[in-house]
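Data block below; observations after.
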Amino acid sequence: MRTTFRTERNVFTNKDVFKEGYDPDEILERDEEISEYIGYLEDALFGETPKNIIVYGNTGVGKTVVTDHVTQMLSSEAERRDEGVDIHVVKVNCGHHTSSYQAAVALVNEMRRATDREEIGKGYGFADAMDMLYSEVERREGTVYVILDEIDFLGDDDQILYELPRASANDYVERSHVGVIGISNDYTYRDNLSSKVKDTLQEDEIKFPPYDAAELRTILEDRADKGMKEDVLDGAVIPKCAAISARDSGSARQAIDLLREAGNVADADGRDEVGETDVDEAVTRVERGRLKDGIRDLTAHGKCILLSLARAYGRQETPLRLKELLPVYERVARGAGSDPLGEHRVRDHLADLTMLGFVEQRRTNKGRAGGQFYQYDLSVDAEAVFEVVSE
């Protein structure tokens with residue numbers, strides 16, 4: 001056990017390049033998507049009405065980092081040109097602002113923060129928040145691109161997508177234009193939009209496919225060059241991290257996490273070489289970390305239902321029918337200071353948890369005497385559930 005701080009690390013030179021928020025100087029293996037993006041965005045450089053865009057792809061395939069990259073390119077190009085076109089970009093994450101109202105307030109505050117003006121609270125109605133948002137857009141006297149990351153978290157509340165594209169037509173803004181860029185993990189997101197939003201948005205689509213193993217190797221080699229010492233990686237480490245991630249999700253984020261954790265395993269052991277067995281241990285660590293992140297992202301009632309199942313699982317009482325789970329869930333919800341949901345909404349949450357892989361749903365047939373019904377069981381590590389909920 002170490003009792004002093006090290007003066008030098010065995011594996012890493014810069015761990016920051018492995019962090020999720022790292023902004024690479026060059027975007028690798030996404031040339032086609034960048035080119036397509038540029039084609040849709042460049043109308044704004046000629047003072048024309050900006051196009052609305054929805055970007056689709058699984059988690060970790062570069063949607064957000066490419067969006068940030070190309071919109072920064074767009075803003076920089078507008079500043080460089082002499083045509084007098086001003087382009088501004090404002091971005092919010094709908095995973096943190098899950099209604100049109102919350103997203104509108106967040107956008108107002110992002111724009112006010114950029115000009116050192118006082119932010120607004122949450123004591124306004126949606127119409128008031130939108131009026132303030134239009135005022136902020138009008139102050140820019142140019143084209144404002146509104147980026148709504150994780151837009152699918154808005155769910156059925158898509159009113160902001162109806163209002164923003166109509167800002168100029170409804171004379172809410174006169175000296176500015178508004179374009180919407182939505183980023184979604186759900187390829188079916190548009191199908192769930194209301195008809196009026198579909199007619200108003202009329203968006204172009206950009207789809208980001210999963211990375212293949214060769215593309216992931218290129219990305220990992222770049223990160224290793226920037227963040228690890230020379231010759232610390234066994235020749236099989238990067239191909240193995242890339243192959244595992246390509247088979248699982250095609251996610252660069254997963255591949256980078258695996259490489260980082262493999263390095264952490266070797267570093268913690270005091271070794272200056274990372275081998276294949278370190279990748280095996282990294283897989284366990286990363287999967288547990290992803291599970292915890294997924295639990296953290298659940299709604300409060302989703303957590304309560306999952307915790308209820310975890311407690312029943314710990315007492316070896318699962319699988320449970322819904323009517324057996326409800327009293328357990330009601331106690332947990334009240335203990336968390338929430339009013340319990342009704343049976344129908346709990347069933348909806350269980351369906352969502354099953355789809356996400358947290359819960360196993362089993363159909364049971366007891367014949368004429370007992371009928372058919374569903375039972376529910378926990379399909380993830382109960383200890384991870386307890387750890388996250390206790391946080």
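Chain labels A, B, ... are given in the sequence in which chains occur in the structure tokens; within each chain residues are numbered consecutively from 1, and ligands are likewise numbered from 1 in the order shown.
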**OP:** For Tyr145 in chain A, list every protein, DNA or RNA residue within 7 Å, evaluated using only C-alpha atoms, and leave out those in the same chain fewer than 4 positions away; present the list as a list in words.
**Re:** His88, Val89, Val90, Val178, Gly179, Val180 and Ile181 of chain A
As a compact mmCIF listing (two decimals) with N, CA and C atoms, in the first residue's frame, please: all residues of range 93-332 of chain A that backbone DSSP puts in alpha helix (DSSP H).
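The result, stored in selection_24.txt:
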# COMPACT_ATOMS: atom_id res chain seq x y z
N SER A 100 -40.20 21.33 -22.41
CA SER A 100 -40.02 22.51 -23.27
C SER A 100 -39.80 23.75 -22.44
N TYR A 101 -40.53 23.86 -21.33
CA TYR A 101 -40.38 25.02 -20.45
C TYR A 101 -38.97 25.07 -19.87
N GLN A 102 -38.50 23.95 -19.30
CA GLN A 102 -37.16 23.94 -18.71
C GLN A 102 -36.09 24.24 -19.76
N ALA A 103 -36.27 23.69 -20.96
CA ALA A 103 -35.29 23.95 -22.03
C ALA A 103 -35.29 25.42 -22.41
N ALA A 104 -36.48 26.05 -22.47
CA ALA A 104 -36.56 27.47 -22.83
C ALA A 104 -35.86 28.32 -21.78
N VAL A 105 -36.10 28.05 -20.50
CA VAL A 105 -35.44 28.80 -19.43
C VAL A 105 -33.93 28.63 -19.50
N ALA A 106 -33.49 27.38 -19.73
CA ALA A 106 -32.05 27.12 -19.82
C ALA A 106 -31.42 27.86 -20.99
N LEU A 107 -32.12 27.94 -22.12
CA LEU A 107 -31.59 28.66 -23.28
C LEU A 107 -31.47 30.15 -22.99
N VAL A 108 -32.50 30.71 -22.35
CA VAL A 108 -32.43 32.13 -21.97
C VAL A 108 -31.21 32.39 -21.09
N ASN A 109 -31.02 31.54 -20.11
CA ASN A 109 -29.92 31.74 -19.17
C ASN A 109 -28.56 31.53 -19.82
N GLU A 110 -28.47 30.58 -20.74
CA GLU A 110 -27.21 30.40 -21.47
C GLU A 110 -26.86 31.66 -22.26
N MET A 111 -27.85 32.26 -22.91
CA MET A 111 -27.61 33.45 -23.73
C MET A 111 -27.32 34.66 -22.84
N ARG A 112 -28.00 34.75 -21.71
CA ARG A 112 -27.72 35.88 -20.81
C ARG A 112 -26.36 35.73 -20.15
N ARG A 113 -25.99 34.49 -19.84
CA ARG A 113 -24.69 34.26 -19.21
C ARG A 113 -23.57 34.68 -20.15
N ALA A 114 -23.79 34.49 -21.44
CA ALA A 114 -22.76 34.83 -22.43
C ALA A 114 -22.52 36.34 -22.51
N PHE A 126 -44.53 29.12 -19.68
CA PHE A 126 -43.81 28.78 -20.91
C PHE A 126 -43.84 29.94 -21.90
N ALA A 127 -44.98 30.59 -22.05
CA ALA A 127 -45.09 31.70 -23.01
C ALA A 127 -44.15 32.84 -22.62
N ASP A 128 -44.05 33.13 -21.33
CA ASP A 128 -43.14 34.19 -20.87
C ASP A 128 -41.69 33.81 -21.14
N ALA A 129 -41.35 32.55 -20.87
CA ALA A 129 -39.98 32.09 -21.12
C ALA A 129 -39.63 32.20 -22.60
N MET A 130 -40.58 31.84 -23.47
CA MET A 130 -40.34 31.93 -24.91
C MET A 130 -40.19 33.39 -25.34
N ASP A 131 -40.99 34.30 -24.76
CA ASP A 131 -40.85 35.73 -25.09
C ASP A 131 -39.45 36.23 -24.75
N MET A 132 -38.95 35.82 -23.58
CA MET A 132 -37.60 36.22 -23.19
C MET A 132 -36.55 35.59 -24.09
N LEU A 133 -36.81 34.36 -24.54
CA LEU A 133 -35.88 33.71 -25.46
C LEU A 133 -35.85 34.44 -26.80
N TYR A 134 -37.01 34.82 -27.31
CA TYR A 134 -37.06 35.57 -28.56
C TYR A 134 -36.32 36.91 -28.41
N SER A 135 -36.46 37.55 -27.26
CA SER A 135 -35.76 38.82 -27.02
C SER A 135 -34.25 38.63 -27.08
N GLU A 136 -33.77 37.51 -26.49
CA GLU A 136 -32.33 37.24 -26.52
C GLU A 136 -31.86 36.96 -27.95
N VAL A 137 -32.67 36.22 -28.70
CA VAL A 137 -32.33 35.95 -30.10
C VAL A 137 -32.28 37.24 -30.89
N GLU A 138 -33.25 38.11 -30.69
CA GLU A 138 -33.33 39.37 -31.44
C GLU A 138 -32.15 40.27 -31.13
N ARG A 139 -31.64 40.21 -29.91
CA ARG A 139 -30.48 41.02 -29.53
C ARG A 139 -29.25 40.67 -30.36
N ARG A 140 -29.19 39.42 -30.85
CA ARG A 140 -28.01 38.97 -31.60
C ARG A 140 -27.98 39.55 -33.01
N GLN A 159 -43.38 21.23 -27.56
CA GLN A 159 -43.89 22.55 -27.92
C GLN A 159 -42.78 23.50 -28.38
N ILE A 160 -41.62 23.40 -27.77
CA ILE A 160 -40.52 24.30 -28.14
C ILE A 160 -40.09 24.05 -29.58
N LEU A 161 -40.26 22.82 -30.07
CA LEU A 161 -39.90 22.51 -31.45
C LEU A 161 -40.94 23.04 -32.43
N TYR A 162 -42.11 23.34 -31.93
CA TYR A 162 -43.14 23.96 -32.75
C TYR A 162 -42.93 25.48 -32.80
N GLU A 163 -42.49 26.05 -31.68
CA GLU A 163 -42.38 27.50 -31.58
C GLU A 163 -41.13 28.06 -32.27
N SER A 195 -47.98 15.97 -35.20
CA SER A 195 -48.06 16.29 -36.63
C SER A 195 -47.69 17.74 -36.90
N LYS A 196 -48.12 18.65 -36.02
CA LYS A 196 -47.83 20.06 -36.26
C LYS A 196 -46.34 20.35 -36.15
N VAL A 197 -45.66 19.64 -35.25
CA VAL A 197 -44.21 19.83 -35.13
C VAL A 197 -43.50 19.29 -36.36
N LYS A 198 -43.92 18.12 -36.84
CA LYS A 198 -43.30 17.57 -38.05
C LYS A 198 -43.45 18.52 -39.23
N ASP A 199 -44.63 19.11 -39.37
CA ASP A 199 -44.88 20.03 -40.49
C ASP A 199 -44.06 21.31 -40.35
N THR A 200 -43.85 21.75 -39.12
CA THR A 200 -43.13 23.00 -38.88
C THR A 200 -41.62 22.80 -38.98
N LEU A 201 -41.14 21.70 -38.41
CA LEU A 201 -39.69 21.49 -38.31
C LEU A 201 -39.07 21.25 -39.69
N ALA A 213 -14.35 -1.72 -35.96
CA ALA A 213 -13.14 -1.96 -35.18
C ALA A 213 -11.94 -1.18 -35.72
N ALA A 214 -11.84 -1.09 -37.04
CA ALA A 214 -10.70 -0.36 -37.63
C ALA A 214 -10.77 1.13 -37.27
N GLU A 215 -11.95 1.70 -37.33
CA GLU A 215 -12.12 3.12 -36.97
C GLU A 215 -11.80 3.34 -35.50
N LEU A 216 -12.23 2.43 -34.66
CA LEU A 216 -11.96 2.57 -33.23
C LEU A 216 -10.47 2.44 -32.94
N ARG A 217 -9.77 1.59 -33.67
CA ARG A 217 -8.31 1.49 -33.49
C ARG A 217 -7.64 2.82 -33.80
N THR A 218 -8.08 3.48 -34.86
CA THR A 218 -7.50 4.78 -35.21
C THR A 218 -7.70 5.79 -34.08
N ILE A 219 -8.90 5.82 -33.54
CA ILE A 219 -9.21 6.76 -32.46
C ILE A 219 -8.40 6.43 -31.21
N LEU A 220 -8.29 5.15 -30.86
CA LEU A 220 -7.54 4.75 -29.66
C LEU A 220 -6.05 5.01 -29.81
N GLU A 221 -5.52 4.78 -31.00
CA GLU A 221 -4.09 5.05 -31.22
C GLU A 221 -3.80 6.53 -31.03
N ASP A 222 -4.72 7.38 -31.48
CA ASP A 222 -4.54 8.82 -31.31
C ASP A 222 -4.56 9.20 -29.83
N ARG A 223 -5.53 8.66 -29.08
CA ARG A 223 -5.61 8.99 -27.65
C ARG A 223 -4.40 8.44 -26.89
N ALA A 224 -3.95 7.25 -27.25
CA ALA A 224 -2.77 6.68 -26.60
C ALA A 224 -1.53 7.53 -26.86
N ASP A 225 -1.37 8.01 -28.10
CA ASP A 225 -0.23 8.88 -28.42
C ASP A 225 -0.26 10.15 -27.58
N LYS A 226 -1.47 10.67 -27.33
CA LYS A 226 -1.58 11.93 -26.60
C LYS A 226 -1.54 11.76 -25.08
N GLY A 227 -1.93 10.58 -24.58
CA GLY A 227 -2.11 10.45 -23.14
C GLY A 227 -1.33 9.35 -22.45
N VAL A 237 -3.45 -4.77 -27.07
CA VAL A 237 -4.37 -4.05 -26.20
C VAL A 237 -5.37 -3.20 -27.00
N ILE A 238 -4.86 -2.36 -27.89
CA ILE A 238 -5.76 -1.49 -28.66
C ILE A 238 -6.68 -2.31 -29.56
N PRO A 239 -6.16 -3.30 -30.32
CA PRO A 239 -7.09 -4.12 -31.11
C PRO A 239 -8.16 -4.80 -30.27
N LYS A 240 -7.80 -5.23 -29.05
CA LYS A 240 -8.79 -5.91 -28.21
C LYS A 240 -9.85 -4.93 -27.72
N CYS A 241 -9.43 -3.75 -27.27
CA CYS A 241 -10.40 -2.73 -26.83
C CYS A 241 -11.33 -2.35 -27.99
N ALA A 242 -10.76 -2.20 -29.16
CA ALA A 242 -11.55 -1.81 -30.33
C ALA A 242 -12.53 -2.91 -30.72
N ALA A 243 -12.08 -4.17 -30.69
CA ALA A 243 -12.94 -5.28 -31.08
C ALA A 243 -14.10 -5.45 -30.11
N ILE A 244 -13.83 -5.34 -28.82
CA ILE A 244 -14.89 -5.48 -27.81
C ILE A 244 -15.95 -4.41 -28.01
N SER A 245 -15.51 -3.17 -28.20
CA SER A 245 -16.45 -2.08 -28.35
C SER A 245 -17.21 -2.15 -29.66
N ALA A 246 -16.54 -2.58 -30.72
CA ALA A 246 -17.21 -2.70 -32.02
C ALA A 246 -18.30 -3.76 -31.97
N ARG A 247 -18.03 -4.88 -31.28
CA ARG A 247 -19.03 -5.94 -31.17
C ARG A 247 -20.21 -5.51 -30.30
N ASP A 248 -19.90 -4.73 -29.27
CA ASP A 248 -20.94 -4.36 -28.30
C ASP A 248 -21.82 -3.22 -28.79
N ALA A 252 -17.16 4.91 -29.46
CA ALA A 252 -15.80 5.36 -29.17
C ALA A 252 -15.63 5.63 -27.69
N ARG A 253 -16.70 6.10 -27.05
CA ARG A 253 -16.64 6.37 -25.62
C ARG A 253 -16.31 5.09 -24.84
N GLN A 254 -16.98 4.00 -25.20
CA GLN A 254 -16.72 2.73 -24.53
C GLN A 254 -15.28 2.27 -24.78
N ALA A 255 -14.82 2.38 -26.02
CA ALA A 255 -13.46 1.94 -26.35
C ALA A 255 -12.42 2.76 -25.58
N ILE A 256 -12.62 4.07 -25.51
CA ILE A 256 -11.69 4.94 -24.79
C ILE A 256 -11.71 4.62 -23.30
N ASP A 257 -12.90 4.37 -22.76
CA ASP A 257 -13.01 4.01 -21.34
C ASP A 257 -12.26 2.70 -21.06
N LEU A 258 -12.38 1.74 -21.97
CA LEU A 258 -11.68 0.47 -21.77
C LEU A 258 -10.17 0.67 -21.75
N LEU A 259 -9.67 1.47 -22.69
CA LEU A 259 -8.22 1.71 -22.75
C LEU A 259 -7.75 2.43 -21.49
N ARG A 260 -8.51 3.43 -21.07
CA ARG A 260 -8.14 4.16 -19.85
C ARG A 260 -8.12 3.23 -18.63
N GLU A 261 -9.17 2.42 -18.48
CA GLU A 261 -9.24 1.55 -17.31
C GLU A 261 -8.18 0.46 -17.34
N ALA A 262 -7.86 -0.04 -18.53
CA ALA A 262 -6.77 -1.01 -18.63
C ALA A 262 -5.46 -0.37 -18.15
N GLY A 263 -5.25 0.88 -18.54
CA GLY A 263 -4.07 1.60 -18.06
C GLY A 263 -4.10 1.80 -16.56
N ASN A 264 -5.28 2.08 -16.01
CA ASN A 264 -5.41 2.26 -14.56
C ASN A 264 -5.07 0.98 -13.80
N VAL A 265 -5.50 -0.16 -14.34
CA VAL A 265 -5.21 -1.44 -13.70
C VAL A 265 -3.71 -1.66 -13.59
N ALA A 266 -3.01 -1.46 -14.72
CA ALA A 266 -1.56 -1.65 -14.72
C ALA A 266 -0.87 -0.63 -13.83
N ASP A 267 -1.33 0.62 -13.90
CA ASP A 267 -0.72 1.70 -13.12
C ASP A 267 -0.86 1.43 -11.62
N ALA A 268 -2.03 0.96 -11.22
CA ALA A 268 -2.26 0.69 -9.80
C ALA A 268 -1.38 -0.44 -9.28
N GLU A 276 -3.19 -7.72 -22.15
CA GLU A 276 -4.55 -8.16 -22.46
C GLU A 276 -5.36 -8.46 -21.21
N THR A 277 -4.73 -9.01 -20.18
CA THR A 277 -5.48 -9.31 -18.96
C THR A 277 -5.97 -8.04 -18.28
N ASP A 278 -5.26 -6.94 -18.49
CA ASP A 278 -5.72 -5.65 -17.95
C ASP A 278 -6.99 -5.19 -18.66
N VAL A 279 -7.10 -5.52 -19.94
CA VAL A 279 -8.33 -5.18 -20.67
C VAL A 279 -9.50 -5.99 -20.12
N ASP A 280 -9.26 -7.26 -19.77
CA ASP A 280 -10.33 -8.08 -19.20
C ASP A 280 -10.86 -7.47 -17.91
N GLU A 281 -9.97 -7.01 -17.06
CA GLU A 281 -10.40 -6.36 -15.82
C GLU A 281 -11.09 -5.03 -16.13
N ALA A 282 -10.61 -4.34 -17.15
CA ALA A 282 -11.22 -3.06 -17.53
C ALA A 282 -12.66 -3.25 -17.99
N VAL A 283 -12.95 -4.35 -18.68
CA VAL A 283 -14.32 -4.62 -19.14
C VAL A 283 -15.27 -4.66 -17.94
N THR A 284 -14.86 -5.36 -16.89
CA THR A 284 -15.70 -5.45 -15.67
C THR A 284 -15.92 -4.07 -15.07
N ARG A 285 -14.86 -3.29 -14.98
CA ARG A 285 -14.96 -1.95 -14.37
C ARG A 285 -15.86 -1.03 -15.19
N VAL A 286 -15.67 -1.05 -16.51
CA VAL A 286 -16.44 -0.14 -17.37
C VAL A 286 -17.91 -0.52 -17.39
N GLU A 287 -18.19 -1.82 -17.45
CA GLU A 287 -19.59 -2.25 -17.45
C GLU A 287 -20.28 -1.83 -16.17
N ARG A 288 -19.60 -1.96 -15.05
CA ARG A 288 -20.20 -1.55 -13.78
C ARG A 288 -20.40 -0.03 -13.75
N GLY A 289 -19.44 0.71 -14.29
CA GLY A 289 -19.57 2.16 -14.34
C GLY A 289 -20.72 2.60 -15.24
N ARG A 290 -20.88 1.92 -16.39
CA ARG A 290 -21.99 2.26 -17.29
C ARG A 290 -23.32 1.93 -16.65
N LEU A 291 -23.37 0.82 -15.91
CA LEU A 291 -24.60 0.46 -15.21
C LEU A 291 -24.98 1.54 -14.21
N LYS A 292 -24.01 2.00 -13.45
CA LYS A 292 -24.29 3.04 -12.45
C LYS A 292 -24.75 4.33 -13.12
N ASP A 293 -24.11 4.68 -14.23
CA ASP A 293 -24.53 5.90 -14.94
C ASP A 293 -25.97 5.77 -15.43
N GLY A 294 -26.30 4.58 -15.93
CA GLY A 294 -27.66 4.35 -16.41
C GLY A 294 -28.68 4.47 -15.30
N ILE A 295 -28.35 3.97 -14.12
CA ILE A 295 -29.26 4.08 -12.97
C ILE A 295 -29.40 5.54 -12.56
N ARG A 296 -28.30 6.27 -12.56
CA ARG A 296 -28.35 7.69 -12.18
C ARG A 296 -29.26 8.49 -13.12
N ALA A 300 -36.85 9.79 -10.74
CA ALA A 300 -36.94 9.47 -9.31
C ALA A 300 -37.80 8.22 -9.10
N HIS A 301 -38.93 8.13 -9.80
CA HIS A 301 -39.79 6.96 -9.63
C HIS A 301 -39.19 5.73 -10.27
N GLY A 302 -38.44 5.90 -11.36
CA GLY A 302 -37.73 4.77 -11.94
C GLY A 302 -36.75 4.18 -10.94
N LYS A 303 -36.03 5.05 -10.23
CA LYS A 303 -35.10 4.58 -9.20
C LYS A 303 -35.84 3.87 -8.07
N CYS A 304 -36.99 4.43 -7.66
CA CYS A 304 -37.76 3.81 -6.56
C CYS A 304 -38.24 2.41 -6.94
N ILE A 305 -38.70 2.26 -8.17
CA ILE A 305 -39.17 0.94 -8.62
C ILE A 305 -38.01 -0.04 -8.69
N LEU A 306 -36.87 0.42 -9.22
CA LEU A 306 -35.70 -0.46 -9.32
C LEU A 306 -35.20 -0.84 -7.92
N LEU A 307 -35.20 0.12 -7.00
CA LEU A 307 -34.77 -0.17 -5.63
C LEU A 307 -35.72 -1.17 -4.97
N SER A 308 -37.01 -1.05 -5.26
CA SER A 308 -37.99 -1.98 -4.70
C SER A 308 -37.69 -3.41 -5.15
N LEU A 309 -37.40 -3.56 -6.43
CA LEU A 309 -37.06 -4.88 -6.96
C LEU A 309 -35.74 -5.39 -6.36
N ALA A 310 -34.77 -4.48 -6.20
CA ALA A 310 -33.48 -4.88 -5.63
C ALA A 310 -33.64 -5.38 -4.20
N ARG A 311 -34.49 -4.71 -3.44
CA ARG A 311 -34.72 -5.14 -2.06
C ARG A 311 -35.40 -6.51 -2.03
N ALA A 312 -36.42 -6.70 -2.88
CA ALA A 312 -37.10 -7.98 -2.95
C ALA A 312 -36.14 -9.08 -3.43
N TYR A 313 -35.27 -8.72 -4.38
CA TYR A 313 -34.28 -9.67 -4.88
C TYR A 313 -33.34 -10.09 -3.75
N GLY A 314 -32.92 -9.11 -2.94
CA GLY A 314 -32.03 -9.42 -1.82
C GLY A 314 -32.66 -10.33 -0.80
N LEU A 322 -46.97 -7.65 -10.46
CA LEU A 322 -47.13 -6.21 -10.24
C LEU A 322 -47.86 -5.94 -8.93
N LYS A 323 -48.91 -6.71 -8.66
CA LYS A 323 -49.68 -6.47 -7.44
C LYS A 323 -48.85 -6.75 -6.19
N GLU A 324 -47.83 -7.60 -6.31
CA GLU A 324 -46.94 -7.88 -5.18
C GLU A 324 -45.87 -6.81 -5.04
N LEU A 325 -45.46 -6.24 -6.17
CA LEU A 325 -44.43 -5.21 -6.16
C LEU A 325 -44.97 -3.86 -5.68
N LEU A 326 -46.22 -3.57 -5.97
CA LEU A 326 -46.77 -2.24 -5.69
C LEU A 326 -46.63 -1.82 -4.22
N PRO A 327 -46.98 -2.66 -3.23
CA PRO A 327 -46.83 -2.20 -1.84
C PRO A 327 -45.37 -1.93 -1.45
N VAL A 328 -44.44 -2.71 -2.02
CA VAL A 328 -43.02 -2.47 -1.74
C VAL A 328 -42.62 -1.12 -2.32
N TYR A 329 -43.00 -0.88 -3.57
CA TYR A 329 -42.69 0.39 -4.23
C TYR A 329 -43.31 1.58 -3.48
N GLU A 330 -44.55 1.43 -3.03
CA GLU A 330 -45.22 2.54 -2.33
C GLU A 330 -44.47 2.93 -1.06
N ARG A 331 -43.96 1.92 -0.33
CA ARG A 331 -43.17 2.23 0.88
C ARG A 331 -41.87 2.95 0.52
N VAL A 332 -41.22 2.49 -0.54
CA VAL A 332 -39.96 3.12 -0.96
C VAL A 332 -40.20 4.56 -1.41
Under the rule of at most 9 Å, produce a per-residue listing of range 229-285 of chain A near range 35-58 of chain A: chain, number, name, the closest pair of atoms, and the distance in Å, as JSON lines, using only C-alpha atoms.
{"residue": "A:Ser249", "atom": "CA", "partner": "A:Asn58", "partner_atom": "CA", "distance": 7.8}
{"residue": "A:Gly250", "atom": "CA", "partner": "A:Asn58", "partner_atom": "CA", "distance": 8.3}
{"residue": "A:Ser251", "atom": "CA", "partner": "A:Asn58", "partner_atom": "CA", "distance": 7.6}
Original post:
Which residues come within 8 Å of Gly95 in chain A, counting only C-alpha atoms, excluding same-chain residues fewer than 4 positions away, as an NGL selection string?
Top reply: :A and (149-151 or 153)
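Shortest separation to Leu148 in chain A among A:Glu273, A:Asp68, A:Asp348, A:Glu317 occurs at residue A:Asp68, atoms counted being only C-alpha atoms.
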Original post:
A:Met228, A:Leu28, A:Leu378, A:Leu193: which is nearest Glu360 in chain A, counting only C-alpha atoms?
Top reply: A:Leu378
For range 33-151 of chain A against range 166-176 of chain A, with a cut-off of 6 Å and counting only C-alpha atoms, what is the closest atom pair and its distance in Å to one decimal for every residue that makes the cut, ordered by chain and number, as CSV?
residue,atom,partner,partner_atom,distance
A:Glu138,CA,A:Ser176,CA,5.6
A:Glu141,CA,A:Ser176,CA,4.8
A:Gly142,CA,A:Ser176,CA,4.6
A:Thr143,CA,A:Ser176,CA,5.6
**OP:** Quote the spacing between CA of Ile34 in chain A and CA of His69 in chain A in Å to one decimal place.
**Re:** 8.7 Å
Original post:
Which residues come within 7 Å of range 229-231 of chain A, counting only C-alpha atoms, excluding same-chain residues fewer than 3 positions away, as a ChimeraX atom specification?
Top reply: /A:11-13
